Amino acid sequence: MQQTDRELKKGSAELLILSLVDRRARHGYEIAKEIETRSAGALKFKVASLYPLLYRLEARGWIVGTWVEREGARRCRFYKLTPAGRKILAAQREGWQKFVAAVGRITGIENA
Amino acid sequence: MRDWRQIVRARLAQGEFEGAIEIEIAEELAYHLERRYAELLGTGLSESAARAAAIAELDGREWIETVRRMRRARPPAVVLGSSSGKGQLMAGWLHDVKIAWRSIRMKPGFSVMVIGMLALGVAGNAAIFSVFNGLFLKPFPFDHPERLIDVDETAPQWNLKYVGVSNYDQDLWRNGNQTFESMAFFTGAGGNLTGDGAVQRVRGARVTWNLLDVLHLKPAVGRNFSPEEDKPKGPKVIMLSHTLWRQAFRGDPAIIGKVLKISEQPYTVIGVLPAEAVLPDQVDVWLPLQPDPAQSTGWYLSGIGRLKPGVTVDRARADLRWLHAAVTVAKDSNVSHADVTSPILGPLRDRYLGPMRDISNVLLIAVGAVLLIACVNVAALMMVRGSSRAREIAIRSAIGASRGRIVAQLLTESLMLAVCAGIAGVLLGMGLLKAMIPLMPPQIPRWVSFQFDARFALFCIAITGAAAMIFAVLPAIQSSGVPARAALQESGTRSTLSRGRLFTLRSLVVGEVALALALLVGAGLVLEGFRKVSQVDPGFRPEGVMTFGVGLPGVKYNKPEQVVSFYDRLTAELRAIPGVKSAAVTSAPPLGGHSGNFFVAEGSRELGPNEKNPVVLQVLITPGYLETIGIATLAGRDFTPADGGKPDNRVVIINQSFLKQYWPDLKSPGDAVGRRIRYSGKDVRWMPIVAVVRDEKHYGLDEDMKPAVYVPFPDIPRTSMTAVIRGSVDPETLTAPAREAMRRIDADLPMYEVRLLSQRVKESLWARRGATWLFGAFSIVALVLAGAGIYGVVSYAVTQRTHEIGIRMALGARPERVLGEVLRGGMAMVGVGVLLGVGTAVATAQLLGTLLFGMSGKEPWIYAAVAAGVLVVGLAANLVPARRAASVDPMRALRSE
């Protein structure tokens with residue numbers, strides 16, 4: 001899968017980001033990097049695609065960004081899941097699993 | 001790094017963002033691009049290629065519009081993660097709590113300091129208040145205690161506030177009043193209980209039959225007295241206290257109907273009192289009073305009345321006064337002195353704990369001051385912290401957090417600090433109360449119980465918490481007015497206090513130094529007062545003296561000669577014990593209670609127009625008593641066995657106060673020897689004075705001595721006396737041989753109230769000692785808090801000025817100069833505080849009242865010592881940050897820019 005379908009990516013992007021900031025807060029670059037690494041390069045987010053998404057999630061109240069300052073380093077903004085976001089994430093995870101399972105049953109692709 | 005920001009901002013320009021938001025977004029995206037660029041360089045790309053690839057991340061136009069919409073559309077509550085709905089709000093609050101918890105943990109030093117100060121304030125206050133509450137506020141363990149009042153008679157003409165109620169008056173009041181639901185009277189009665197096993201001294205009360213009804217109580221077992229049983233010469237019936245029943249009779253209900261012998265007289269048990277029947281206090285048995293209104297018995301009863309619902313004490317007082325006056329006018333032949341005594345009513349607690357009220361009030365003031373200092377301190381700390389967070393607040397408001405949002409966050413934070421402090425304070429306070437309870441005097445009535453007052457602890461938490469919140473939020477309200485761009489564009493994280501806020505901060509510190517100083521001066525005065533009291537010459541020598549009570553049953557010892565010969569034998573037996581130097585018997589040892597009489601002195605000075613003949617302490621003693629107790633004879637001789645007992649050989653010994661009261665002109669005590677006095681009244685024999693002795697502090701080291709007359713015991717042979725032994729050995733080792741001596745004379749007699757005289761003296765000072773101790777503890781706490789406040793504020797000021805100090809040191813300023821300057825600034829605050837504190841102390845010292853023990857409250861050396869102490873603490877608190885300032889490394893200070 002060299003180039004993932006654009007629509008699919010957009011629909012699943014929210015789920016990806018929410019998953020990544022579930023356990024710990026991450027900043028935007030880290031999120032992009034993490035998606036790229038974990039998908040072995042299959043999924044890539046540019047600044048132009050990542051940040052509108054982050055801000056949208058934040059506007060919905062699913063994640064929250066806070067500025068963190070560290071000595072000797074530049075200030076950056078960390079995002080973390082809110083309790084509301086956690087509920088959404090759980091629901092989306094379930095929905096995604098059902099979707100994948102359904103697609104799997106139809107296409108015969110085993111769900112890992 | 002700066003160019004990435006520029007590049008991003010150039011792109012964002014088309015979105016027409018609000019300035020602060022644009023800066024924020026630019027900073028965030030620039031950071032991303034910078035990292036990306038570095039990453040690309042790492043993969044081996046050329047600088048220009050990497051740069052181009054990074055910039056390509058920003059390609060596209062529509063995303064800027066999305067960002068703009070999202071960042072603008074966001075309502076303030078979105079930071080919370082919510083926009084509407086209750087559950088969402090809750091989630092938002094939880095989020096606040098999380099953030100607050102994080103920020104508390106991020107500054108552990110600060111948090112521990114705030115929590116510690118709040119906890120100290122809460123703990124001290126709650127513990128003291130619990131004592132105060134137990135003593136004065138908490139109702140009695142009776143039903144509707146607010147309707148129960150003390151009923152007594154007063155005799156201002158005799159200089160006596162309380163004289164007790166007479167048989168006649170109790171009957172008159174009980175039956176004639178219209179304002180009381182019921183009214184009961186009682187008096188003490190002692191006896192030796194013999195039954196199965198050992199003899200036991202029991203403390204009893206003779207009560208009117210309705211006392212249980214007045215208290216709204218029911219017998220635990222059996223029945224209450226009946227009105228018939230309370231008639232003169234009524235049957236000998238008895239009710240046992242719950243404690244006696246449990247301890248001596250193992251709680252056996254079959255005790256009802258049994259006959260017990262009290263002082264050789266048979267009494268039938270008719271009931272057991274409930275455990276709540278704690279008034280009269282510390283009593284083992286109740287007997288019916290069986291008062292005869294026709295018999296003139298003098299004034300001796302204590303009274304308790306239950307008001308009808310809605311009746312005020314004033315109305316009840318008017319009611320009884322009217323009744324009393326009506327009878328006085330009628331001149332009933334049975335009533336003597338009815339025109340002298342009149343009813344006096346008041347709250348029960350005031351009657352039984354009066355003298356402690358002063359001390360409690362002073363302690364409450366001290367507690368309030370410490371609470372105030374704690375508040376001030378926390379307020380200062382919060383302000384310091386708040387201003388160091390100005391930038392954070394500016395950012396938050398820049399990214400869309402509303403003022404309300406920020407205030408809510410700060411409130412949550414201070415609330416959490418207050419909660420932590422509250423928990424710590426309550427635990428500490430419970431410990432403190434536990435430590436204080438053993439300090440209570442044994443004479444505190446049994447109905448007083450001390451429980452930790454959680455409600456008051458909550459109140460303290462609320463007050464300090466409120467202070468914390470107000471001062472946490474104040475800077476937020478101020479700084480959210482700061483233009484976001486200005487705050488954000490500041491290069492470092494430094495932020496400085498505005499002049500006005502620094503002034504507020506300094507004023508707070510000055511205020512707490514002043515309060516702490518005033519408290520310390522108060523503590524110094526109280527301490528000095530206590531030292532003075534404990535160094536008062538008691539007029540007797542308590543060391544090595546043991547006392548114990550003896551009560552002879554009137555049935556067995558019904559002739560005066562029997563009583564006299566018993567005590568003669570007892571003193572002889574006691575003197576024969578090895579290690580006993582001397583022994584005697586008295587009706588009232590020092591600190592052992594008052595029994596008064598009125599005397600007329602031959603050729604005494606005329607009383608002033610408004611002067612009353614004072615009540616005189618009358619003490620029955622046997623020969624050798626004065627020597628045993630250590631009262632010095634100024635002139636004359638001690639009693640001999642030949643003195644007293646017959647009308648024609650009556651002699652008396654008087655004390656200095658008596659001499660001063662009646663014959664102030666006599667130059668030497670010796671001149672009084674041979675003069676005569678008599679009891680007031682008609683046809684009473686004159687009695688010659690054989691000696692004048694020094695005043696003893698009979699009523700306590702801090703009380704004035706009354707005129708006193710010592711009378712030979714055989715004149716008025718009482719059955720209940722106190723034996724006094726002076727030992728050449730540790731007097732405690734004399735208890736067993738003394739008991740043996742008693743048994744040799746009468747095996748049925750118990751010893752009771754075995755006490756060392758020195759112990760009596762010590763106990764008499766309990767309240768003062770406790771107050772001194774507590775006051776001292778509080779002022780030390782205040783000083784520590786004030787020191788911490790100074791340290792906090794000066795440290796903060798130094799941190800703020802690190803940059804400036806660095807520049808000046810780089811330009812050649814010497815460290816000593818910097819040190820001196822910081823010290824001067826800090827000590828100026830301390831100095832102003834000290835001056836204000838001295839003023840406050842001078843103005844308020846009189847509040848200490850009796851604790852001053854005659855001092856003016858303006859003793860300069862106490863003020864000087866305390867001021868010096870505060871200055872030293874202030875200096876120490878200043879020195880640490882000042883030295884830090886002097887050791888600023890110019891290079892580092894500048895580089896931090």
# chains A, B, ... in the order shown; residues from 1 in each chain; ligands from 1
call {"tool": "select_by_dssp", "arguments": {"residues": "range 40-79 of chain A", "states": "helix (DSSP H, G or I)", "output": "ChimeraX atom specification"}}
result
/A:47-60
call {"tool": "select_by_dssp", "arguments": {"residues": "range 44-103 of chain A", "states": "strand (DSSP E)", "output": "ChimeraX atom specification"}}
result
/A:63-68,76-81
call {"tool": "closest_atom_pairs", "arguments": {"of": "chain A", "to": "chain B", "cutoff": "7 Å", "atoms": "only C-alpha atoms", "output": "tab-separated table"}}
result
residue	atom	partner	partner_atom	distance
A:Gly28	CA	B:His32	CA	6.8
A:Tyr29	CA	B:His32	CA	5.1
A:Lys46	CA	B:Glu57	CA	5.0
A:Val47	CA	B:Glu57	CA	5.2
A:Ala48	CA	B:Leu58	CA	5.1
A:Ser49	CA	B:Trp63	CA	6.9
A:Pro52	CA	B:Val67	CA	5.0
A:Tyr55	CA	B:Met70	CA	5.9
A:Arg56	CA	B:Met70	CA	5.7
A:Ala59	CA	B:Arg74	CA	5.2
A:Arg60	CA	B:Val78	CA	7.0
A:Gly61	CA	B:Gly81	CA	3.5
A:Trp62	CA	B:Gly81	CA	5.9
A:Ile63	CA	B:Gly81	CA	6.7
A:Val64	CA	B:Val79	CA	6.1
A:Cys76	CA	B:Glu28	CA	6.2
A:Arg77	CA	B:Glu28	CA	6.5
A:Thr82	CA	B:Gly81	CA	5.9
A:Pro83	CA	B:Ala91	CA	6.0
A:Ala84	CA	B:Gly81	CA	6.5
call {"tool": "write_last_selection", "arguments": {"atoms": "N, CA, C and O atoms", "output": "PDB file, in the first residue's frame"}}
result
ATOM      1  N   GLY A  28       2.768  18.475  18.228  1.00  0.00           N
ATOM      2  CA  GLY A  28       2.367  18.220  16.847  1.00  0.00           C
ATOM      3  C   GLY A  28       3.400  17.445  16.051  1.00  0.00           C
ATOM      4  O   GLY A  28       3.064  16.459  15.379  1.00  0.00           O
ATOM      5  N   TYR A  29       4.636  17.861  16.130  1.00  0.00           N
ATOM      6  CA  TYR A  29       5.685  17.201  15.350  1.00  0.00           C
ATOM      7  C   TYR A  29       5.778  15.742  15.758  1.00  0.00           C
ATOM      8  O   TYR A  29       5.901  14.852  14.915  1.00  0.00           O
ATOM      9  N   LYS A  46       1.288  16.348   6.750  1.00  0.00           N
ATOM     10  CA  LYS A  46       2.047  17.590   6.642  1.00  0.00           C
ATOM     11  C   LYS A  46       1.507  18.570   7.655  1.00  0.00           C
ATOM     12  O   LYS A  46       0.419  18.366   8.210  1.00  0.00           O
ATOM     13  N   VAL A  47       2.247  19.640   7.872  1.00  0.00           N
ATOM     14  CA  VAL A  47       1.773  20.697   8.761  1.00  0.00           C
ATOM     15  C   VAL A  47       0.384  21.154   8.322  1.00  0.00           C
ATOM     16  O   VAL A  47      -0.533  21.308   9.126  1.00  0.00           O
ATOM     17  N   ALA A  48       0.243  21.310   7.018  1.00  0.00           N
ATOM     18  CA  ALA A  48      -1.001  21.838   6.462  1.00  0.00           C
ATOM     19  C   ALA A  48      -2.178  20.907   6.685  1.00  0.00           C
ATOM     20  O   ALA A  48      -3.326  21.337   6.650  1.00  0.00           O
ATOM     21  N   SER A  49      -1.909  19.628   6.910  1.00  0.00           N
ATOM     22  CA  SER A  49      -3.031  18.730   7.144  1.00  0.00           C
ATOM     23  C   SER A  49      -3.189  18.396   8.630  1.00  0.00           C
ATOM     24  O   SER A  49      -4.308  18.173   9.112  1.00  0.00           O
ATOM     25  N   PRO A  52      -4.737  21.765  11.162  1.00  0.00           N
ATOM     26  CA  PRO A  52      -6.185  22.024  11.128  1.00  0.00           C
ATOM     27  C   PRO A  52      -6.964  20.945  11.859  1.00  0.00           C
ATOM     28  O   PRO A  52      -7.919  21.219  12.563  1.00  0.00           O
ATOM     29  N   TYR A  55      -6.520  21.379  15.626  1.00  0.00           N
ATOM     30  CA  TYR A  55      -7.323  22.493  16.128  1.00  0.00           C
ATOM     31  C   TYR A  55      -8.797  22.140  16.123  1.00  0.00           C
ATOM     32  O   TYR A  55      -9.555  22.550  16.999  1.00  0.00           O
ATOM     33  N   ARG A  56      -9.182  21.339  15.141  1.00  0.00           N
ATOM     34  CA  ARG A  56     -10.584  20.951  15.085  1.00  0.00           C
ATOM     35  C   ARG A  56     -10.926  20.064  16.281  1.00  0.00           C
ATOM     36  O   ARG A  56     -11.936  20.248  16.950  1.00  0.00           O
ATOM     37  N   ALA A  59     -11.140  22.165  19.196  1.00  0.00           N
ATOM     38  CA  ALA A  59     -12.357  22.979  19.199  1.00  0.00           C
ATOM     39  C   ALA A  59     -13.551  22.142  19.652  1.00  0.00           C
ATOM     40  O   ALA A  59     -14.475  22.642  20.286  1.00  0.00           O
ATOM     41  N   ARG A  60     -13.489  20.858  19.337  1.00  0.00           N
ATOM     42  CA  ARG A  60     -14.595  19.993  19.770  1.00  0.00           C
ATOM     43  C   ARG A  60     -14.440  19.590  21.234  1.00  0.00           C
ATOM     44  O   ARG A  60     -15.321  18.951  21.818  1.00  0.00           O
ATOM     45  N   GLY A  61     -13.287  19.886  21.768  1.00  0.00           N
ATOM     46  CA  GLY A  61     -13.090  19.565  23.173  1.00  0.00           C
ATOM     47  C   GLY A  61     -12.647  18.137  23.404  1.00  0.00           C
ATOM     48  O   GLY A  61     -12.784  17.608  24.492  1.00  0.00           O
ATOM     49  N   TRP A  62     -12.111  17.508  22.371  1.00  0.00           N
ATOM     50  CA  TRP A  62     -11.682  16.117  22.556  1.00  0.00           C
ATOM     51  C   TRP A  62     -10.235  16.040  23.017  1.00  0.00           C
ATOM     52  O   TRP A  62      -9.827  15.111  23.668  1.00  0.00           O
ATOM     53  N   ILE A  63      -9.462  17.022  22.583  1.00  0.00           N
ATOM     54  CA  ILE A  63      -8.094  17.090  23.084  1.00  0.00           C
ATOM     55  C   ILE A  63      -7.876  18.507  23.598  1.00  0.00           C
ATOM     56  O   ILE A  63      -8.673  19.408  23.331  1.00  0.00           O
ATOM     57  N   VAL A  64      -6.827  18.664  24.351  1.00  0.00           N
ATOM     58  CA  VAL A  64      -6.524  19.987  24.857  1.00  0.00           C
ATOM     59  C   VAL A  64      -5.018  20.223  24.715  1.00  0.00           C
ATOM     60  O   VAL A  64      -4.220  19.320  24.949  1.00  0.00           O
ATOM     61  N   CYS A  76       6.902  24.320  23.475  1.00  0.00           N
ATOM     62  CA  CYS A  76       6.016  23.747  22.477  1.00  0.00           C
ATOM     63  C   CYS A  76       4.706  23.319  23.100  1.00  0.00           C
ATOM     64  O   CYS A  76       4.564  23.209  24.305  1.00  0.00           O
ATOM     65  N   ARG A  77       3.781  23.091  22.200  1.00  0.00           N
ATOM     66  CA  ARG A  77       2.415  22.857  22.662  1.00  0.00           C
ATOM     67  C   ARG A  77       2.138  21.367  22.658  1.00  0.00           C
ATOM     68  O   ARG A  77       2.298  20.691  21.640  1.00  0.00           O
ATOM     69  N   THR A  82      -8.889  14.752  26.379  1.00  0.00           N
ATOM     70  CA  THR A  82      -9.756  15.190  27.488  1.00  0.00           C
ATOM     71  C   THR A  82     -10.667  14.015  27.831  1.00  0.00           C
ATOM     72  O   THR A  82     -10.745  13.045  27.070  1.00  0.00           O
ATOM     73  N   PRO A  83     -11.330  14.079  28.986  1.00  0.00           N
ATOM     74  CA  PRO A  83     -12.287  13.008  29.321  1.00  0.00           C
ATOM     75  C   PRO A  83     -13.327  12.818  28.223  1.00  0.00           C
ATOM     76  O   PRO A  83     -13.698  11.682  27.903  1.00  0.00           O
ATOM     77  N   ALA A  84     -13.759  13.937  27.626  1.00  0.00           N
ATOM     78  CA  ALA A  84     -14.737  13.821  26.532  1.00  0.00           C
ATOM     79  C   ALA A  84     -14.093  13.084  25.363  1.00  0.00           C
ATOM     80  O   ALA A  84     -14.701  12.209  24.731  1.00  0.00           O
TER      81      ALA A  84
END
call {"tool": "closest_residue", "arguments": {"among": "A:Glu34, A:Gly65, A:Leu57, A:Trp96", "to": "Leu20 in chain A", "atoms": "only C-alpha atoms"}}
result
A:Glu34
call {"tool": "atom_distance", "arguments": {"atom1": "CA of Val313 in chain B", "atom2": "CA of Leu348 in chain B"}}
result
11.5 Å
call {"tool": "residues_around", "arguments": {"residues": "Lys231 in chain B", "least_positions_apart": "4", "cutoff": "7 Å", "atoms": "only C-alpha atoms", "output": "mmCIF file with N, CA and C atoms, in the first residue's frame"}}
result
data_model
loop_
_atom_site.group_PDB
_atom_site.id
_atom_site.type_symbol
_atom_site.label_atom_id
_atom_site.label_comp_id
_atom_site.auth_asym_id
_atom_site.auth_seq_id
_atom_site.Cartn_x
_atom_site.Cartn_y
_atom_site.Cartn_z
ATOM 1 N N PRO B 227 -42.593 12.673 95.659
ATOM 2 C CA PRO B 227 -42.695 13.894 96.466
ATOM 3 C C PRO B 227 -42.801 13.567 97.957
ATOM 4 N N GLN B 290 -35.300 16.458 101.553
ATOM 5 C CA GLN B 290 -36.259 16.527 102.662
ATOM 6 C C GLN B 290 -36.163 17.863 103.406
ATOM 7 N N PRO B 291 -36.298 18.972 102.683
ATOM 8 C CA PRO B 291 -36.110 20.272 103.324
ATOM 9 C C PRO B 291 -37.340 20.688 104.117
#
call {"tool": "residues_around", "arguments": {"residues": "Ala318 in chain B", "least_positions_apart": "2", "cutoff": "12 Å", "atoms": "only C-alpha atoms", "output": "count of residues only"}}
result
19
call {"tool": "closest_residue", "arguments": {"among": "B:Thr504, B:Gln661, B:Ser103, B:Ser360", "to": "Leu848 in chain B", "atoms": "only C-alpha atoms"}}
result
B:Ser360
call {"tool": "decode", "arguments": {"residues": "range 6-39 of chain A", "atoms": "C-alpha atoms", "output": "compact mmCIF listing (two decimals), in the first residue's frame"}}
result
# COMPACT_ATOMS: atom_id res chain seq x y z
CA ARG A 6 -7.23 10.06 0.62
CA GLU A 7 -10.77 9.71 1.89
CA LEU A 8 -9.96 6.73 4.03
CA LYS A 9 -7.09 8.61 5.51
CA LYS A 10 -9.18 11.63 6.34
CA GLY A 11 -11.83 9.54 8.04
CA SER A 12 -9.35 7.64 10.11
CA ALA A 13 -7.05 10.56 10.90
CA GLU A 14 -9.05 11.64 13.91
CA LEU A 15 -8.88 8.17 15.36
CA LEU A 16 -5.12 8.07 14.81
CA ILE A 17 -4.50 11.35 16.59
CA LEU A 18 -6.81 10.59 19.48
CA SER A 19 -5.10 7.22 19.94
CA LEU A 20 -1.68 8.80 20.02
CA VAL A 21 -2.49 11.36 22.68
CA ASP A 22 -4.43 8.93 24.81
CA ARG A 23 -1.63 7.68 27.03
CA ARG A 24 0.51 10.76 27.11
CA ALA A 25 0.64 14.30 25.82
CA ARG A 26 2.51 14.83 22.56
CA HIS A 27 3.32 17.84 20.48
CA GLY A 28 2.37 18.22 16.85
CA TYR A 29 5.68 17.20 15.35
CA GLU A 30 5.81 14.15 17.58
CA ILE A 31 2.34 13.15 16.47
CA ALA A 32 3.26 13.47 12.81
CA LYS A 33 6.49 11.59 13.34
CA GLU A 34 4.78 8.86 15.32
CA ILE A 35 2.16 8.31 12.62
CA GLU A 36 4.83 8.13 9.98
CA THR A 37 7.04 5.75 11.92
CA ARG A 38 4.33 3.43 13.15
CA SER A 39 2.79 3.16 9.71
